[in-house]
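*Asks:* Got a structure here, written out as structure tokens. Questions coming.
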Amino acid sequence: MKGMKIAAVVLAAAAIGWYGFGRGEAGTVANAETATAASGSAYAVNTVTVGAEGSVKAEPDVAYLNVGVETRGSTAQAAQQANAETFAAVEKVLYETFAIDKKDVQTTGFHVSPEYNYTEKDGQVLKGYVAVHEIRITYRKLADIGKLLDALSGAGVNRMQGVTFDTEKRDEYELEALKKAMESAGAKAGVLAASGNRQLGGVINIVQGDAAPVPVLRAGTMAEAKMLAGDSAQSSSVQSGQIEISASVTVQYELK
């Protein structure tokens, strides 16, 4: 009988211990969650996030000319043959007259397709075929772009998709623009912190944006490109101007 009483006491103590342990664990989890929520709230309150841009103006040192030769023929072979003959004259201008390296001339498109006329009587009637050979020229003698366009026009180029001015030192200029963007971000964040009677702390996070595109001069045809000169007796005038390279950042700072 005495042994049974002792056993009952032991079981009761064990039950109380397990119950107490369970309550203590639940209390610990609840306290941890409360602390985490409070910490997250404090973190959100004690930061400031700003966006800023920086830019650098530079003289372009390279141009990309997108031009093409378009020819027609009664058959696909005739159109393609006419295109090949004209393009041979274009290559002579590029490689002999202007001494452009072959690696700086890239074919961007070549196709031969049928052309149709439409009449109410006969409907769609085959007119012939058109062949188009488009190239992209990398050219670094910017002062001679007008002369190059005129020479290409004279050789048979009759499609002008555009001229893009750029710099081959883009990486260097982008780094300068990023530095200016970060300086601007720091100045903005400093003003915001001071306005809130706070002190600006260290950088917590930085996100870099994309660099801005360079300006493009476009003309639909070689005739339109030549009109830039204002006088067909002179070389076409293409002004490169300056290009602006910009970078943007989003920066998060700690507030003290």
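The way I read the labels, and the way they are meant: chains A, B, ... in the order of the structure tokens, residue 1 as the first residue of every chain, and ligand 1 as the first ligand shown, with later ones counted on from there.
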List every residue of range 103-201 of chain A that has an atom at most 6 Å from any atom of range 62-65 of chain A, and for each one report the closest atom pair and its distance in Å to one decimal, counting only C-alpha atoms, with rows sorted by chain and then by increasing residue number, as a tab-separated table.
*Replies:*
residue	atom	partner	partner_atom	distance
A:Arg136	CA	A:Leu65	CA	5.6
A:Ile137	CA	A:Leu65	CA	5.0
A:Thr138	CA	A:Tyr64	CA	4.8
A:Tyr139	CA	A:Ala63	CA	5.2
A:Arg140	CA	A:Val62	CA	4.5
A:Val163	CA	A:Leu65	CA	4.6
A:Thr164	CA	A:Tyr64	CA	5.1
A:Phe165	CA	A:Ala63	CA	4.5
A:Asp166	CA	A:Val62	CA	5.5
A:Thr167	CA	A:Val62	CA	5.6
*Asks:* Residues near range 175-190 of chain A, anyone? I mean within 8 Å using only C-alpha atoms, not counting same-chain ones fewer than 6 positions away, as an mmCIF file with C-alpha atoms, in the first residue's frame.
*Replies:*
data_model
loop_
_atom_site.group_PDB
_atom_site.id
_atom_site.type_symbol
_atom_site.label_atom_id
_atom_site.label_comp_id
_atom_site.auth_asym_id
_atom_site.auth_seq_id
_atom_site.Cartn_x
_atom_site.Cartn_y
_atom_site.Cartn_z
ATOM 1 C CA VAL A 48 15.963 55.739 -44.937
ATOM 2 C CA THR A 49 15.966 54.807 -48.644
ATOM 3 C CA VAL A 50 16.722 57.259 -51.447
ATOM 4 C CA GLY A 51 17.078 57.110 -55.224
ATOM 5 C CA ALA A 52 19.686 59.182 -57.062
ATOM 6 C CA GLU A 53 21.267 59.646 -60.485
ATOM 7 C CA GLY A 54 24.678 60.700 -61.716
ATOM 8 C CA SER A 55 25.724 61.584 -65.263
ATOM 9 C CA VAL A 56 28.864 62.254 -67.265
ATOM 10 C CA GLN A 199 21.960 61.116 -37.725
ATOM 11 C CA LEU A 200 22.836 59.241 -40.879
ATOM 12 C CA ILE A 245 26.096 58.563 -69.821
ATOM 13 C CA SER A 246 23.994 58.321 -66.681
ATOM 14 C CA ALA A 247 23.604 55.786 -63.908
ATOM 15 C CA SER A 248 21.059 55.436 -61.130
ATOM 16 C CA VAL A 249 21.191 53.873 -57.669
ATOM 17 C CA THR A 250 18.788 53.139 -54.840
ATOM 18 C CA VAL A 251 20.543 53.262 -51.463
ATOM 19 C CA TYR A 253 20.997 53.935 -44.979
#
*Asks:* Interatomic distance between CA of Phe110 in chain A and CA of Glu134 in chain A?
*Replies:*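 Distance reported for this atom pair: 6.2 Å.
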*Asks:* Can you work out the spacing between CA of Glu172 in chain A and CA of Asp210 in chain A in Å, to one decimal?
*Replies:*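 Taking CA of Glu172 in chain A as the start and CA of Asp210 in chain A as the end point, the length is 15.1 Å.
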*Asks:* Could you check which of A:Ile100, A:Gln77, A:Glu174, A:Glu59 is closest to Gly209 in chain A, using only C-alpha atoms?
*Replies:*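 The shortest atom-to-atom distance to Gly209 in chain A comes from A:Glu174.
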*Asks:* Find the distance between CA of Val105 in chain A and CA of Val67 in chain A and write it in Å to one decimal.
*Replies:*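 So the answer is 10.7 Å.
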*Asks:* Could you tell me which of A:Asn117, A:Asn66, A:Thr71, A:Thr86 comes closest to Asp104 in chain A if we count only C-alpha atoms?
*Replies:* A:Asn66
*Asks:* Mind listing the alpha helix (DSSP H) residues of range 62-221 of chain A, per DSSP on the backbone, as a count of residues only?
*Replies:* 54
*Asks:* Select, from A:Val112, A:Val132, A:Ala193, A:Leu152, the residue with the minimum atom-to-atom distance to Ala89 in chain A, counting only C-alpha atoms.
*Replies:*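 Closest candidate: A:Leu152.
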